[in-house]
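Below is one structure; the comments refer to it alone.
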Amino acid sequence: MPHRVFDPRLNEQVPPGLCALGIMTKAPRAGAVKTRLQPPLTAAEAAALNACFLRDTATSISQVCCSGGLRSPIIARGVGVFTPLGSENDYAEILPREFDLLLQRGNDFGERLLHAIEDLLRIGFDSCCLIDSDSPTVTPHAFAAAVEFLRAGGYRLILGPSDDGGYYLIGMKALHRRVFEDIDWSSERVLAQTVERAREIGLPVETLPVFSDVDDRAGLRRLCDELLGNDNNSSAPTTKAFLQQLIAREGRERIWPQ
């Protein structure tokens with residue numbers, strides 16, 4: 001069954017009190033995603049790995065969203081913030097059934113983040129976090145901590161630092177445009193500059209644990225070290241299985257040289 005697609009022109013499309021946990025995603029099509037991983041991966045392998053990242057991230061989000069019970073109501077919902085238009089059906093077998101979709105707007109990455117938060121708040125979410133699709137090992141605990149920070153009183157900015165100087169998560173309960181301005185996107189300065197913008201407007205910052213961002217050959221090798229170098233590591237099971245199958249089929253030298 002296709003996922004519901006939110007219409008940002010309409011208000012109050014979700015129940016009150018929810019935090020959106022939105023994955024920023026481009027449809028995982030060969031040649032369109034993870035191009036910095038080609039080589040060592042082929043275009044088809046890179047797209048398949050990207051789909052694995054999405055599945056593992058969505059699974060972790062679902063553990064937060066679906067943790068409610070009779071005495072503990074659900075306080076978050078997963079959303080795929082996707083592009084391009086027309087790729088909605090690509091997510092039918094990737095994102096869980098309870099996820100919704102929201103089309104990205106904007107030109108550069110900063111605009112897309114800003115408009116995604118604007119649209120999620122407009123359709124009725126009390127707060128929202130935007131999450132990258134390059135960090136499959138982020139734990140449910142980290143996502144849950146972000147939600148709890150936002151449920152606490154007062155306004156604040158939530159950042160999940162990645163090990164390359166960027167962030168895998170940014171969260172807020174009101175739109176603060178300044179934190180997306182004058183940022184050197186796709187650089188090691190993104191996190192530091194974002195924190196500085198928050199300080200300029202007097203916005204307190206809360207940080208989550210650091211996790212890895214996988215977008216190039218070095219990042220892929222670190223991911224293999226983390227997932228395959230320790231048999232007891234249960235993080236990102238879909239990604240781990242894909243890498244194990246690839247290495248079993250072709251040997252480890254191409255993607256995980258000794």
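Going through the structure tokens in order, the chains are called A, B, and so on, while each chain numbers its residues from 1 and the ligands are numbered from 1 in the order shown.
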
>> Using only C-alpha atoms, which protein or nucleic acid residues come within 10 Å of A:Asp7? Drop anything in the same chain fewer than 3 positions from it, and give the result as a ChimeraX atom specification.
In response: /A:4,10-11,13,101-103,119-120,122-123

> Counting only C-alpha atoms, what is within 7 Å of A:Gln104, bar same-chain residues fewer than 4 positions away, as JSON, numbers by chain?
Replying inline: {"A": [81, 82, 83, 112, 116]}

Could you save those same residues with N, CA and C atoms as a compact mmCIF listing (two decimals), in the first residue's frame?
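See part_16.txt below for the written result:
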```txt
# COMPACT_ATOMS: atom_id res chain seq x y z
N VAL A 81 11.10 12.41 4.03
CA VAL A 81 11.10 13.71 3.36
C VAL A 81 11.88 13.51 2.06
N PHE A 82 11.15 13.30 0.97
CA PHE A 82 11.74 12.68 -0.22
C PHE A 82 11.85 13.63 -1.41
N THR A 83 12.63 13.20 -2.36
CA THR A 83 12.76 13.82 -3.67
C THR A 83 13.24 12.72 -4.61
N ARG A 112 16.27 23.15 1.52
CA ARG A 112 15.45 21.95 1.67
C ARG A 112 15.23 21.61 3.13
N ALA A 116 11.56 21.88 4.88
CA ALA A 116 11.03 20.65 5.47
C ALA A 116 10.53 20.91 6.89
```

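Separating atom CA of A:Asp231 from atom CA of A:Cys52 is a distance of 18.8 Å.
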
> Which residue out of A:Pro84, A:Gly124, A:Gly229, A:Pro209 has the minimum interatomic distance to A:Gly106 when only C-alpha atoms are used?
Replying inline: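 Smallest distance to A:Gly106 is found for A:Pro84.
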
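The closest residue to A:Glu148, picked from A:Phe125, A:Phe99, A:Ala51, A:Glu206 and counting only C-alpha atoms, is A:Glu206.
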
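When atom CA of A:His3 is paired with atom CA of A:Asp100, their separation reads 5.5 Å.
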
> Looking at A:Leu159, A:Leu246, A:Ala76, A:Ala47, which one is nearest to A:Cys128, with distances taken over only C-alpha atoms?
Replying inline: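 So, comparing all the options, the nearest one is A:Ala76.
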
>> Using only C-alpha atoms, which protein or nucleic acid residues come within 12 Å of A:Ala142? Drop anything in the same chain fewer than 6 positions from it, and give the result as a PyMOL selection string.
In response: chain A and resi 21+57+60-61+63-64+129+131+148-149+158-161+168-170+206-211

Identify, on the basis of only C-alpha atoms, every residue whose closest approach to stretch 181-183 of chain A does not exceed 8 Å; exclude the query and any residue fewer than 6 positions from it along the same chain; express the result as a PDB file with C-alpha atoms, in the first residue's frame.
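Full text of result.pdb as output:
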```pdb
ATOM      1  CA  GLY A 110      19.929  24.471   3.382  1.00  0.00           C
ATOM      2  CA  ARG A 189      32.465  23.287   9.221  1.00  0.00           C
ATOM      3  CA  VAL A 190      28.708  22.612   9.124  1.00  0.00           C
ATOM      4  CA  GLN A 193      28.790  27.051  11.990  1.00  0.00           C
ATOM      5  CA  THR A 194      25.308  25.847  12.956  1.00  0.00           C
ATOM      6  CA  ARG A 197      24.280  30.669  14.291  1.00  0.00           C
TER       7      ARG A 197
END
```

>> Quick one: residues within 10 Å of A:Glu200, only C-alpha atoms, excluding same-chain residues fewer than 5 positions away - as a PyMOL selection string?
In response: chain A and resi 178-179+194-195

>> To test your reading of the structure, identify every residue in stretch 26-85 of chain A that backbone DSSP assigns to helix (DSSP H, G or I), and report it as a list of chain:residue names.
In response: A:Thr35, A:Arg36, A:Leu37, A:Ala43, A:Ala44, A:Glu45, A:Ala46, A:Ala47, A:Ala48, A:Leu49, A:Asn50, A:Ala51, A:Cys52, A:Phe53, A:Leu54, A:Arg55, A:Asp56, A:Thr57, A:Ala58, A:Thr59, A:Ser60, A:Ile61, A:Ser62, A:Gln63, A:Val64, A:Cys65

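Comparing A:Leu18, A:Val138, A:Ala32, A:Ala44 by their smallest distance to A:Asp56, the closest is A:Val138 (using only C-alpha atoms).
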
> Quick one: residues within 12 Å of A:Asp225, only C-alpha atoms counted, chain neighbours fewer than 4 positions away excluded, as a list in words?
Replying inline: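 Selected residues are Ser212, Ala218, Gly219, Leu220, Arg221, Gly229, Asn230, Asp231, Asn233, Lys240, Leu243, Gln244, Arg252, Ile255, Trp256, Pro257 and Gln258 of chain A.
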
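The set of residues in stretch 155-252 of chain A assigned to strand (DSSP E or B) by DSSP, using only backbone atoms of this structure, is Leu157, Ile158, Leu159, Gly160, Pro161, Ser162, Tyr167, Tyr168, Leu169, Ile170, Gly171, Met172, Val205, Glu206, Thr207 and Phe211 of chain A.
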
Could you save the residues just selected, with C-alpha atoms, as a compact mmCIF listing (two decimals), in the first residue's frame?
```
# COMPACT_ATOMS: atom_id res chain seq x y z
CA LEU A 157 18.18 23.34 18.99
CA ILE A 158 18.99 19.62 18.96
CA LEU A 159 22.05 18.46 17.02
CA GLY A 160 23.39 14.97 16.44
CA PRO A 161 27.06 15.44 15.47
CA SER A 162 28.59 13.22 12.82
CA TYR A 167 25.33 16.50 11.76
CA TYR A 168 23.06 13.50 11.27
CA LEU A 169 20.11 15.14 13.06
CA ILE A 170 18.79 18.64 13.59
CA GLY A 171 15.66 19.24 15.66
CA MET A 172 13.54 22.17 16.81
CA VAL A 205 21.89 23.82 21.89
CA GLU A 206 21.58 20.21 23.07
CA THR A 207 23.84 17.56 21.53
CA PHE A 211 27.82 8.74 14.96
```
